[in-house]
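K.L.:
Provided herewith: final32.csv, CSV, C-alpha atoms and all ligand atoms.
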chain,number,residue,atom,x,y,z
E,1341,MET,CA,-0.8,-1.4,-27.6
E,1342,ARG,CA,1.6,0.9,-25.9
E,1343,ALA,CA,3.3,-0.3,-22.7
E,1344,VAL,CA,6.3,0.5,-20.5
E,1345,LEU,CA,8.7,-2.3,-21.2
E,1346,GLN,CA,11.5,-3.1,-18.7
E,1347,THR,CA,14.3,-4.7,-20.7
E,1348,GLY,CA,17.1,-4.8,-18.2
E,1349,TYR,CA,18.0,-4.0,-14.6
E,1350,ASP,CA,19.7,-0.6,-14.9
E,1351,GLY,CA,16.9,1.2,-13.1
E,1352,PRO,CA,14.4,3.6,-14.8
E,1353,SER,CA,16.6,3.9,-17.9
E,1354,SER,CA,15.8,0.2,-18.6
E,1355,CYS,CA,12.1,1.1,-18.9
E,1356,ARG,CA,10.7,2.7,-22.1
E,1357,VAL,CA,7.4,2.8,-23.9
E,1358,GLY,CA,7.1,0.3,-26.7
E,1359,ASP,CA,4.5,-1.5,-28.8
E,1360,VAL,CA,3.3,-5.0,-27.9
E,1361,ALA,CA,0.3,-7.1,-28.8
E,1362,VAL,CA,-2.9,-6.6,-26.7
E,1363,PRO,CA,-3.0,-9.6,-24.4
E,1364,VAL,CA,-5.9,-12.1,-24.6
E,1365,PRO,CA,-7.7,-13.2,-21.5
E,1366,ALA,CA,-7.6,-16.9,-20.7
E,1367,ALA,CA,-10.3,-18.8,-18.8
E,1368,GLY,CA,-11.1,-17.0,-15.5
E,1369,GLU,CA,-9.4,-13.8,-16.7
E,1370,VAL,CA,-10.6,-10.4,-18.0
E,1371,LEU,CA,-9.0,-7.8,-20.2
E,1372,LEU,CA,-8.9,-4.3,-18.8
E,1373,ARG,CA,-8.5,-0.9,-20.5
E,1374,VAL,CA,-6.1,0.7,-18.0
E,1375,ARG,CA,-7.2,4.2,-16.9
E,1376,ALA,CA,-4.7,4.8,-14.1
E,1377,CYS,CA,-1.7,3.0,-12.6
E,1378,ALA,CA,0.0,4.2,-9.4
E,1379,LEU,CA,3.7,3.6,-9.0
E,1380,ASN,CA,5.1,1.6,-6.1
E,1381,GLN,CA,8.6,1.4,-4.6
E,1382,LEU,CA,8.6,-2.2,-5.7
E,1383,ASP,CA,8.4,-1.1,-9.3
E,1384,LEU,CA,11.5,0.8,-8.8
E,1385,LEU,CA,13.3,-2.0,-6.9
E,1386,GLN,CA,12.4,-4.4,-9.7
E,1387,ALA,CA,13.8,-2.0,-12.3
E,1388,ARG,CA,17.1,-1.9,-10.4
E,1389,GLY,CA,17.1,-5.7,-10.1
E,1390,ALA,CA,17.0,-5.4,-6.3
E,1391,ALA,CA,13.7,-7.2,-5.6
E,1392,MET,CA,12.4,-9.6,-8.2
E,1393,LEU,CA,9.5,-11.9,-7.5
E,1394,PRO,CA,10.0,-15.5,-8.5
E,1395,GLY,CA,8.8,-16.0,-12.1
E,1396,MET,CA,9.5,-12.4,-13.3
E,1397,THR,CA,10.9,-12.4,-16.9
E,1398,LEU,CA,12.0,-9.7,-19.3
E,1399,PRO,CA,10.7,-7.7,-21.0
E,1400,HIS,CA,8.5,-7.0,-18.0
E,1401,VAL,CA,5.5,-4.6,-17.7
E,1402,ALA,CA,5.4,-3.2,-14.1
E,1403,GLY,CA,2.4,-1.6,-12.4
E,1404,MET,CA,0.7,-3.2,-9.4
E,1405,ASP,CA,-2.0,-0.6,-8.5
E,1406,VAL,CA,-4.3,-0.6,-11.4
E,1407,ALA,CA,-7.8,0.7,-12.1
E,1408,GLY,CA,-9.7,0.6,-15.4
E,1409,GLU,CA,-12.7,-0.8,-17.3
E,1410,VAL,CA,-13.4,-4.3,-18.3
E,1411,VAL,CA,-13.3,-4.6,-22.1
E,1412,ALA,CA,-13.3,-8.4,-22.7
E,1413,VAL,CA,-14.1,-11.4,-20.5
E,1414,GLY,CA,-12.5,-14.9,-20.9
E,1415,GLU,CA,-14.3,-18.2,-20.5
E,1416,ALA,CA,-15.4,-19.5,-17.2
E,1417,VAL,CA,-15.8,-16.1,-15.6
E,1418,ASP,CA,-18.9,-15.9,-13.4
E,1419,ALA,CA,-21.4,-13.5,-14.9
E,1420,VAL,CA,-21.5,-11.2,-11.9
E,1421,ALA,CA,-22.0,-7.5,-12.3
E,1422,HIS,CA,-18.5,-6.2,-11.6
E,1423,VAL,CA,-16.8,-8.4,-14.1
E,1424,ALA,CA,-19.1,-7.6,-17.0
E,1425,VAL,CA,-17.8,-5.6,-20.0
E,1426,GLY,CA,-17.9,-1.9,-19.1
E,1427,ALA,CA,-17.5,-2.4,-15.4
E,1428,ARG,CA,-15.2,0.1,-13.6
E,1429,VAL,CA,-12.9,-1.9,-11.4
E,1430,VAL,CA,-9.7,-1.8,-9.3
E,1431,VAL,CA,-7.4,-4.8,-9.1
E,1432,ASP,CA,-6.0,-6.7,-6.1
E,1433,PRO,CA,-2.5,-7.3,-7.5
E,1434,ALA,CA,-2.0,-10.4,-5.4
E,1435,SER,CA,-3.6,-13.7,-6.4
E,1436,PRO,CA,-2.7,-16.5,-4.1
E,1437,CYS,CA,-2.2,-20.0,-5.6
E,1438,GLY,CA,-4.9,-21.5,-3.3
E,1439,ASP,CA,-3.0,-24.8,-3.0
E,1440,CYS,CA,0.2,-24.2,-0.8
E,1441,PRO,CA,0.2,-24.9,3.0
E,1442,SER,CA,-0.3,-21.2,3.7
E,1443,CYS,CA,-3.3,-20.9,1.4
E,1444,ARG,CA,-4.8,-24.1,2.7
E,1445,SER,CA,-4.5,-22.9,6.3
E,1446,GLY,CA,-6.3,-19.6,5.5
E,1447,ARG,CA,-3.1,-17.5,5.4
E,1448,SER,CA,-3.1,-16.5,1.8
E,1449,GLY,CA,-0.9,-13.5,2.4
E,1450,TYR,CA,1.9,-15.9,2.9
E,1451,CYS,CA,1.3,-17.8,-0.3
E,1452,ALA,CA,4.4,-19.6,-1.5
E,1453,ARG,CA,3.5,-19.1,-5.2
E,1454,PRO,CA,1.5,-15.8,-5.5
E,1455,ARG,CA,0.8,-14.3,-8.9
E,1456,ILE,CA,1.4,-10.6,-8.6
E,1457,VAL,CA,0.1,-8.2,-11.3
E,1458,GLY,CA,3.1,-6.1,-12.2
E,1459,GLY,CA,5.4,-8.3,-10.2
E,1460,ASN,CA,5.7,-11.7,-11.9
E,1461,VAL,CA,3.1,-11.2,-14.6
E,1462,ASP,CA,2.6,-8.1,-16.7
E,1463,GLY,CA,1.0,-5.1,-14.9
E,1464,GLY,CA,-0.8,-1.9,-15.5
E,1465,LEU,CA,1.9,0.4,-17.1
E,1466,ALA,CA,0.2,-0.3,-20.4
E,1467,GLU,CA,-3.0,0.5,-22.3
E,1468,HIS,CA,-4.4,-2.9,-21.5
E,1469,VAL,CA,-3.7,-5.6,-18.9
E,1470,VAL,CA,-5.1,-9.1,-18.3
E,1471,VAL,CA,-6.0,-10.0,-14.7
E,1472,PRO,CA,-7.9,-12.8,-12.9
E,1473,ALA,CA,-11.6,-12.0,-12.7
E,1474,ALA,CA,-11.4,-13.0,-9.0
E,1475,SER,CA,-9.0,-10.1,-8.3
E,1476,LEU,CA,-11.4,-7.4,-9.3
E,1477,HIS,CA,-13.2,-5.0,-7.0
E,1478,PRO,CA,-16.0,-2.7,-8.3
E,1479,VAL,CA,-15.4,1.0,-8.0
E,1480,PRO,CA,-18.4,3.1,-6.9
E,1481,ASP,CA,-19.6,5.6,-9.4
E,1482,GLU,CA,-18.6,8.6,-7.2
E,1483,VAL,CA,-15.0,7.5,-7.0
E,1484,ASP,CA,-12.8,8.4,-10.0
E,1485,LEU,CA,-10.4,5.7,-11.4
E,1486,THR,CA,-7.3,7.7,-10.6
E,1487,THR,CA,-8.3,7.7,-7.0
E,1488,ALA,CA,-9.1,4.0,-7.2
E,1489,ALA,CA,-5.6,3.2,-8.6
E,1490,CYS,CA,-4.1,4.8,-5.5
E,1491,LEU,CA,-5.7,2.4,-3.1
E,1492,PRO,CA,-4.9,-1.3,-3.3
E,1493,THR,CA,-1.3,-1.7,-1.9
E,1494,PRO,CA,-1.2,1.1,0.7
E,1495,TRP,CA,-4.8,0.6,1.9
E,1496,ALA,CA,-4.6,-3.2,2.2
E,1497,THR,CA,-1.2,-3.0,3.8
E,1498,ALA,CA,-2.4,-0.4,6.4
E,1499,TRP,CA,-5.6,-2.3,7.0
E,1500,ARG,CA,-3.6,-5.5,7.7
E,1501,ALA,CA,-1.2,-3.7,10.1
E,1502,LEU,CA,-3.8,-1.7,12.1
E,1503,VAL,CA,-6.9,-3.9,12.1
E,1504,SER,CA,-6.0,-7.6,11.3
E,1505,VAL,CA,-2.7,-7.6,13.2
E,1506,GLY,CA,-2.9,-4.5,15.5
E,1507,ARG,CA,-6.5,-5.0,16.4
E,1508,VAL,CA,-7.0,-1.3,16.9
E,1509,GLN,CA,-9.9,-0.4,19.3
E,1510,PRO,CA,-12.1,2.6,19.7
E,1511,ALA,CA,-10.7,5.3,22.0
E,1512,GLU,CA,-7.1,3.9,21.7
E,1513,THR,CA,-4.2,6.3,21.0
E,1514,VAL,CA,-2.3,5.3,17.9
E,1515,LEU,CA,1.1,6.8,17.0
E,1516,VAL,CA,1.9,6.7,13.2
E,1517,HIS,CA,5.5,7.3,11.9
E,1518,ALA,CA,6.2,8.8,8.5
E,1519,GLY,CA,2.7,10.2,8.6
E,1520,ALA,CA,2.6,11.6,5.1
E,1521,SER,CA,3.6,8.4,3.3
E,1522,SER,CA,0.9,6.6,1.3
E,1523,VAL,CA,0.6,3.7,3.8
E,1524,SER,CA,0.4,6.2,6.7
E,1525,LEU,CA,-2.2,8.4,5.0
E,1526,ALA,CA,-4.3,5.3,4.7
E,1527,ALA,CA,-3.5,4.2,8.3
E,1528,VAL,CA,-4.5,7.5,9.9
E,1529,GLN,CA,-7.9,7.4,8.2
E,1530,ILE,CA,-8.5,3.7,9.0
E,1531,ALA,CA,-7.6,4.3,12.6
E,1532,ALA,CA,-9.9,7.3,12.8
E,1533,SER,CA,-12.7,5.3,11.2
E,1534,ARG,CA,-12.3,2.7,14.0
E,1535,GLY,CA,-12.7,5.4,16.6
E,1536,ALA,CA,-9.0,5.7,17.6
E,1537,ARG,CA,-7.2,8.9,18.4
E,1538,VAL,CA,-4.3,9.4,16.0
E,1539,ILE,CA,-1.0,11.2,16.5
E,1540,ALA,CA,1.1,11.5,13.3
E,1541,VAL,CA,4.8,12.1,13.2
E,1542,VAL,CA,6.1,13.7,10.0
E,1543,GLY,CA,9.6,14.6,8.9
E,1544,SER,CA,9.1,18.2,7.8
E,1545,ASP,CA,6.8,21.2,8.3
E,1546,ASP,CA,5.4,21.1,4.7
E,1547,LYS,CA,3.7,17.7,5.5
E,1548,VAL,CA,1.7,18.9,8.5
E,1549,GLU,CA,-1.0,20.5,6.4
E,1550,VAL,CA,-1.9,17.3,4.5
E,1551,LEU,CA,-2.5,15.4,7.7
E,1552,ARG,CA,-4.6,18.3,9.1
E,1553,LYS,CA,-6.7,18.2,6.0
E,1554,LEU,CA,-7.4,14.5,6.7
E,1555,GLY,CA,-8.7,15.5,10.1
E,1556,VAL,CA,-5.6,14.6,12.1
E,1557,ASP,CA,-5.1,17.4,14.5
E,1558,ASP,CA,-2.2,16.0,16.4
E,1559,VAL,CA,0.8,16.2,14.1
E,1560,ALA,CA,4.4,16.5,15.3
E,1561,VAL,CA,7.5,17.2,13.2
E,1562,GLY,CA,10.2,14.8,14.3
E,1563,ALA,CA,10.4,12.0,16.8
E,1564,GLU,CA,11.2,14.2,19.7
E,1565,ALA,CA,8.2,16.5,19.2
E,1566,GLY,CA,6.1,13.3,18.6
E,1567,ALA,CA,7.1,11.9,22.0
E,1568,PHE,CA,6.3,15.3,23.7
E,1569,LEU,CA,2.9,15.5,22.0
E,1570,LEU,CA,2.1,11.8,22.9
E,1571,ALA,CA,3.0,12.4,26.6
E,1572,ASP,CA,0.8,15.5,26.6
E,1573,ARG,CA,-2.2,13.7,25.1
E,1574,THR,CA,-1.9,10.6,27.2
E,1575,ASP,CA,-0.9,12.1,30.6
E,1576,GLY,CA,2.5,10.5,30.1
E,1577,HIS,CA,1.0,7.0,29.8
E,1578,GLY,CA,2.0,6.3,26.2
E,1579,ALA,CA,0.5,4.9,23.0
E,1580,ASP,CA,-1.7,1.9,22.9
E,1581,LEU,CA,-0.5,1.1,19.4
E,1582,VAL,CA,2.5,2.4,17.3
E,1583,LEU,CA,2.6,1.8,13.6
E,1584,ASP,CA,6.2,1.8,12.3
E,1585,HIS,CA,6.9,1.0,8.6
E,1586,VAL,CA,10.1,3.0,8.6
E,1587,GLY,CA,12.6,0.7,10.3
E,1588,ALA,CA,15.8,1.1,12.2
E,1589,ASP,CA,15.6,4.9,12.4
E,1590,THR,CA,12.3,5.0,14.3
E,1591,TRP,CA,12.6,1.7,16.3
E,1592,PRO,CA,13.9,3.3,19.5
E,1593,ALA,CA,11.2,6.0,19.4
E,1594,SER,CA,8.5,3.4,18.7
E,1595,LEU,CA,9.5,1.3,21.7
E,1596,ALA,CA,9.7,4.3,24.0
E,1597,ALA,CA,6.3,5.5,22.9
E,1598,LEU,CA,4.4,2.4,24.1
E,1599,ARG,CA,2.4,2.2,27.3
E,1600,PRO,CA,2.7,-1.0,29.4
E,1601,GLU,CA,1.4,-3.9,27.2
E,1602,GLY,CA,1.3,-1.5,24.2
E,1603,ARG,CA,1.5,-3.0,20.7
E,1604,LEU,CA,4.2,-2.1,18.2
E,1605,VAL,CA,3.1,-3.1,14.7
E,1606,PHE,CA,6.1,-3.1,12.4
E,1607,LEU,CA,6.3,-3.7,8.6
E,1608,GLY,CA,9.2,-2.0,7.0
E,1609,ASN,CA,12.9,-1.6,6.9
E,1610,THR,CA,13.6,1.3,4.5
E,1611,THR,CA,16.0,2.9,7.0
E,1612,GLY,CA,17.8,-0.3,8.0
E,1613,ASP,CA,17.0,-3.9,8.9
E,1614,SER,CA,18.9,-4.4,12.2
E,1615,VAL,CA,17.8,-3.0,15.5
E,1616,THR,CA,18.6,-3.5,19.1
E,1617,LEU,CA,16.1,-4.4,21.9
E,1618,SER,CA,16.5,-4.6,25.6
E,1619,LEU,CA,14.8,-7.8,26.5
E,1620,ALA,CA,14.3,-6.7,30.1
E,1621,ASP,CA,12.6,-3.5,29.0
E,1622,ALA,CA,10.4,-5.4,26.6
E,1623,PHE,CA,9.2,-8.1,29.0
E,1624,ARG,CA,9.0,-5.9,32.1
E,1625,ARG,CA,6.7,-3.5,30.2
E,1626,GLY,CA,4.9,-6.4,28.6
E,1627,LEU,CA,5.4,-5.0,25.1
E,1628,ARG,CA,3.7,-6.7,22.2
E,1629,LEU,CA,5.9,-6.8,19.1
E,1630,LEU,CA,3.8,-7.6,16.1
E,1631,GLY,CA,5.2,-8.1,12.6
E,1632,SER,CA,2.7,-7.4,9.9
E,1633,GLY,CA,3.2,-9.4,6.7
E,1634,ALA,CA,1.5,-9.4,3.3
E,1635,TYR,CA,-2.2,-8.5,3.2
E,1636,SER,CA,-4.8,-11.1,2.4
E,1637,ALA,CA,-7.7,-10.9,-0.1
E,1638,GLN,CA,-10.0,-10.3,2.9
E,1639,ASP,CA,-7.8,-7.3,4.0
E,1640,MET,CA,-8.1,-5.9,0.5
E,1641,HIS,CA,-11.8,-6.3,0.5
E,1642,ASP,CA,-12.2,-4.7,4.0
E,1643,ALA,CA,-9.8,-1.9,3.3
E,1644,LEU,CA,-11.6,-0.9,0.1
E,1645,ALA,CA,-15.0,-1.1,1.8
E,1646,CYS,CA,-13.6,1.2,4.5
E,1647,PHE,CA,-12.5,3.7,1.8
E,1648,TRP,CA,-15.8,3.6,-0.1
E,1649,THR,CA,-17.9,4.1,3.0
E,1650,THR,CA,-16.1,6.7,5.1
E,1651,GLY,CA,-15.4,9.5,2.6
E,1652,ALA,CA,-11.7,8.9,2.9
E,1653,VAL,CA,-9.1,10.6,0.7
E,1654,ALA,CA,-6.2,9.3,-1.3
E,1655,PRO,CA,-4.0,12.2,-2.4
E,1656,VAL,CA,-2.5,12.2,-5.9
E,1657,ALA,CA,0.9,13.9,-6.2
E,1658,VAL,CA,1.0,14.0,-10.0
E,1659,ARG,CA,-0.6,12.4,-13.1
E,1660,LEU,CA,1.8,11.6,-15.9
E,1661,PRO,CA,1.4,10.0,-19.4
E,1662,LEU,CA,3.2,6.7,-19.9
E,1663,ASP,CA,6.0,8.2,-21.9
E,1664,ARG,CA,7.1,10.2,-18.9
E,1665,ILE,CA,7.8,7.1,-16.9
E,1666,GLN,CA,11.4,8.2,-16.2
E,1667,ASP,CA,10.0,11.4,-14.5
E,1668,GLY,CA,7.6,9.3,-12.5
E,1669,TYR,CA,10.3,7.0,-11.2
E,1670,GLU,CA,12.5,10.0,-10.4
E,1671,LEU,CA,9.7,11.5,-8.2
E,1672,LEU,CA,9.2,8.1,-6.6
E,1673,ALA,CA,12.9,7.7,-5.8
E,1674,ARG,CA,13.0,11.1,-4.1
E,1675,ARG,CA,10.3,10.0,-1.6
E,1676,SER,CA,9.5,13.7,-1.2
E,1677,THR,CA,6.0,13.8,-2.7
E,1678,VAL,CA,2.9,13.5,-0.7
E,1679,GLY,CA,0.4,11.2,-2.4
E,1680,ARG,CA,0.8,8.8,-5.3
E,1681,VAL,CA,2.6,9.2,-8.6
E,1682,VAL,CA,-0.1,8.0,-11.1
E,1683,MET,CA,0.7,7.0,-14.7
E,1684,VAL,CA,-2.2,7.5,-17.2
E,1685,PRO,CA,-2.0,5.4,-20.4
E,1701,ZN,ZN,-0.6,-20.4,-2.0
Would you kindly transcribe this structure into structure tokens?

P.N.:
Amino acid sequence: MRAVLQTGYDGPSSCRVGDVAVPVPAAGEVLLRVRACALNQLDLLQARGAAMLPGMTLPHVAGMDVAGEVVAVGEAVDAVAHVAVGARVVVDPASPCGDCPSCRSGRSGYCARPRIVGGNVDGGLAEHVVVPAASLHPVPDEVDLTTAACLPTPWATAWRALVSVGRVQPAETVLVHAGASSVSLAAVQIAASRGARVIAVVGSDDKVEVLRKLGVDDVAVGAEAGAFLLADRTDGHGADLVLDHVGADTWPASLAALRPEGRLVFLGNTTGDSVTLSLADAFRRGLRLLGSGAYSAQDMHDALACFWTTGAVAPVAVRLPLDRIQDGYELLARRSTVGRVVMVP
């Protein structure tokens, strides 16, 4: 079969299409015919050698967000409908070990030895991929597999942040930074589905329209405009919840946006890892600072259910064949596209 093989750590130039044997599913696993695989920043970090999961070996096949059809089933796979041959499925890339202290205490997102499709086992940038049967989620007939491949990582990440950690409530005001990113596009729709009012902050005018199309009327360009809009919509009171996956650049604006006892849910550091904080300001205003870690299997289940049932949208920036993987990574690195870069084997 054809697959994108990463043979070094020089970035995208280390990744080229080659031929490898079709993998064989072991007990508890299934073989998928990959129909779509959305690129993640982690794929790029791995290609540069900047973030390798324990157990990753070369040559490596990246690709964490995968949708396809079941074409073979290994032994000991329960005969349930969505793992039968022919089923259309999307993959939860993370399979916790089930045996470490985090797994045993019900915190599988913090598993010490997770198996990550496209991370430390071969992923979906190939014509076929083997995955655990337990990691499959059925895709409803009305959802195409390109859309399904866009969902797992951003939707489960946004669900964990907003719902499992942030406990967003109906009628709350939620401020979302980097509003046109894939996690934020999921977050604004999840927040709206829970009855919250969303204010999205984007970096440039060209990203306003995509938020409006998703039903977000309150969109501001830049942090200053975001603060003004928030004050206007809340009578100066501030946001109940701020979602910040940007990092150091937006940290001051995120803190300033909170009402007394407001919650800041933070989960990213792409613009820097170190921030300052006035302890007096934080405790006098009773701020809740909530780190949001890796999603759990339940987060994935709930996030996908939300997408299937609410008529949500997952924008696709571009679909490319596997042999254009360099172009795909270049688009991803620029961070300027709205929606996912999807590779189609
Ligand atoms: Zn574990």

K.L.:
Could you please extract the residues within 8 Å of ligand ZN 1701 (chain E), counting all atoms listed in the file, and hand them back as a ChimeraX atom specification?

P.N.:
/E:1436-1444,1448,1450-1454

K.L.:
How about saving the chosen residues, C-alpha atoms kept, as a short mmCIF file (atom, residue, chain, number, x, y, z; two decimals), in the frame of the given file?

P.N.:
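Okay, this is what ended up in part_39.cif:
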data_model
loop_
_atom_site.label_atom_id
_atom_site.label_comp_id
_atom_site.auth_asym_id
_atom_site.auth_seq_id
_atom_site.Cartn_x
_atom_site.Cartn_y
_atom_site.Cartn_z
CA PRO E 1436 -2.70 -16.50 -4.10
CA CYS E 1437 -2.20 -20.00 -5.60
CA GLY E 1438 -4.90 -21.50 -3.30
CA ASP E 1439 -3.00 -24.80 -3.00
CA CYS E 1440 0.20 -24.20 -0.80
CA PRO E 1441 0.20 -24.90 3.00
CA SER E 1442 -0.30 -21.20 3.70
CA CYS E 1443 -3.30 -20.90 1.40
CA ARG E 1444 -4.80 -24.10 2.70
CA SER E 1448 -3.10 -16.50 1.80
CA TYR E 1450 1.90 -15.90 2.90
CA CYS E 1451 1.30 -17.80 -0.30
CA ALA E 1452 4.40 -19.60 -1.50
CA ARG E 1453 3.50 -19.10 -5.20
CA PRO E 1454 1.50 -15.80 -5.50
#

K.L.:
Between CA of Leu1644 (chain E) and CA of Thr1486 (chain E), what distance in Å does the model show, to one decimal?

P.N.:
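Going from CA of Leu1644 (chain E) over to CA of Thr1486 (chain E) covers 14.4 Å.
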
K.L.:
For Val1541 (chain E), which residue out of E:Val1582, E:Cys1355, E:Ala1511, E:Leu1382 is the nearest one, using only C-alpha atoms?

P.N.:
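Of E:Val1582, E:Cys1355, E:Ala1511, E:Leu1382, the one nearest Val1541 (chain E), counting only C-alpha atoms, is E:Val1582.
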
K.L.:
For a test of reading the model, state the distance in Å between CA of Arg1375 (chain E) and CA of Ala1427 (chain E), rounded to one decimal.

P.N.:
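Atom-to-atom, CA of Arg1375 (chain E) to CA of Ala1427 (chain E), that is 12.3 Å.
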
K.L.:
Could you give me, as a PyMOL selection string, the residues within 12 Å of Gly1463 (chain E), counting only C-alpha atoms and dropping anything in the same chain fewer than 3 positions from it?

P.N.:
chain E and resi 1343-1346+1363+1371-1374+1376-1380+1383+1396+1399-1407+1431-1434+1455-1460+1466-1472

K.L.:
Neighbours of region 1557-1562 of chain E within 7 Å (only C-alpha atoms; same-chain residues fewer than 2 positions away dropped), as a list in words?

P.N.:
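The filter keeps Val1538, Ile1539, Ala1540, Val1541, Val1542, Gly1543, Ser1544, Asp1545, Val1548, Arg1552, Gly1555, Glu1564, Ala1565, Gly1566 and Leu1569 of chain E.
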
K.L.:
Name the residues within 7 Å of (-4.9, 5.6, -6.7), counting all atoms listed in the file in the file's coordinates, and put them as a list of chain:residue names.

P.N.:
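The answer, in the requested form, is E:Ala1378, E:Thr1486, E:Thr1487, E:Ala1488, E:Ala1489, E:Cys1490, E:Leu1491, E:Ala1654, E:Arg1680, E:Val1682.
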
K.L.:
For Ser1594 (chain E), which residue out of E:Ala1520, E:Val1678, E:Val1505, E:Val1514 is the nearest one, using only C-alpha atoms?

P.N.:
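Answer, going by the shortest atom-to-atom distance: E:Val1514.
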
K.L.:
Give me the residues within 10 Å of Leu1671 (chain E) as a ChimeraX atom specification, counting all atoms listed in the file and dropping any in the same chain fewer than 3 places off.

P.N.:
/E:1379,1657-1658,1665-1668,1674-1677,1680-1681

K.L.:
How would the residues just chosen look if you wrote them out with C-alpha atoms as a CSV table (one decimal), in the frame of the given file?

P.N.:
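File part_0.csv, as written:
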chain,number,residue,atom,x,y,z
E,1379,LEU,CA,3.7,3.6,-9.0
E,1657,ALA,CA,0.9,13.9,-6.2
E,1658,VAL,CA,1.0,14.0,-10.0
E,1665,ILE,CA,7.8,7.1,-16.9
E,1666,GLN,CA,11.4,8.2,-16.2
E,1667,ASP,CA,10.0,11.4,-14.5
E,1668,GLY,CA,7.6,9.3,-12.5
E,1674,ARG,CA,13.0,11.1,-4.1
E,1675,ARG,CA,10.3,10.0,-1.6
E,1676,SER,CA,9.5,13.7,-1.2
E,1677,THR,CA,6.0,13.8,-2.7
E,1680,ARG,CA,0.8,8.8,-5.3
E,1681,VAL,CA,2.6,9.2,-8.6

K.L.:
Got a sec: who's within 10 Å of Gln1509 (chain E), counting all atoms listed in the file, leaving out chain neighbours fewer than 3 positions off, as number ranges by chain?

P.N.:
E: 1502-1503, 1506, 1512-1514, 1531, 1534-1537, 1580-1581

K.L.:
Which of these residues is nearest to Phe1606 (chain E), using all atoms listed in the file: E:Pro1352, E:Gly1426, E:Gly1464, E:Gly1633?

P.N.:
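For Phe1606 (chain E), the nearest of the candidates is E:Gly1633.
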
K.L.:
Could you tell me which of E:Leu1398, E:Ile1530, E:Cys1646, E:Arg1342 comes closest to Val1357 (chain E) if we count only C-alpha atoms?

P.N.:
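Between E:Leu1398, E:Ile1530, E:Cys1646, E:Arg1342, the residue approaching Val1357 (chain E) most closely is E:Arg1342.
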
K.L.:
Calculate how many Å separate CA of Ala1473 (chain E) from CA of Pro1685 (chain E), rounding to one decimal.

P.N.:
21.3 Å

K.L.:
Calculated over all atoms listed in the file, which of the candidates E:Val1523, E:Val1508, E:Ala1571, E:Val1605 has the smallest distance to Pro1494 (chain E)?

P.N.:
E:Val1523

K.L.:
Could you tell me which of E:Gly1348, E:His1641, E:Val1615, E:Ser1445 comes closest to Val1586 (chain E) if we count only C-alpha atoms?

P.N.:
E:Val1615

K.L.:
Show which residues sit within 10 Å of Val1425 (chain E), as a list in words. Count all atoms listed in the file, and ignore same-chain residues fewer than 6 positions away.

P.N.:
Val1370, Leu1371, Leu1372, Glu1409, Val1410, Val1411, Ala1412 and Val1413 of chain E
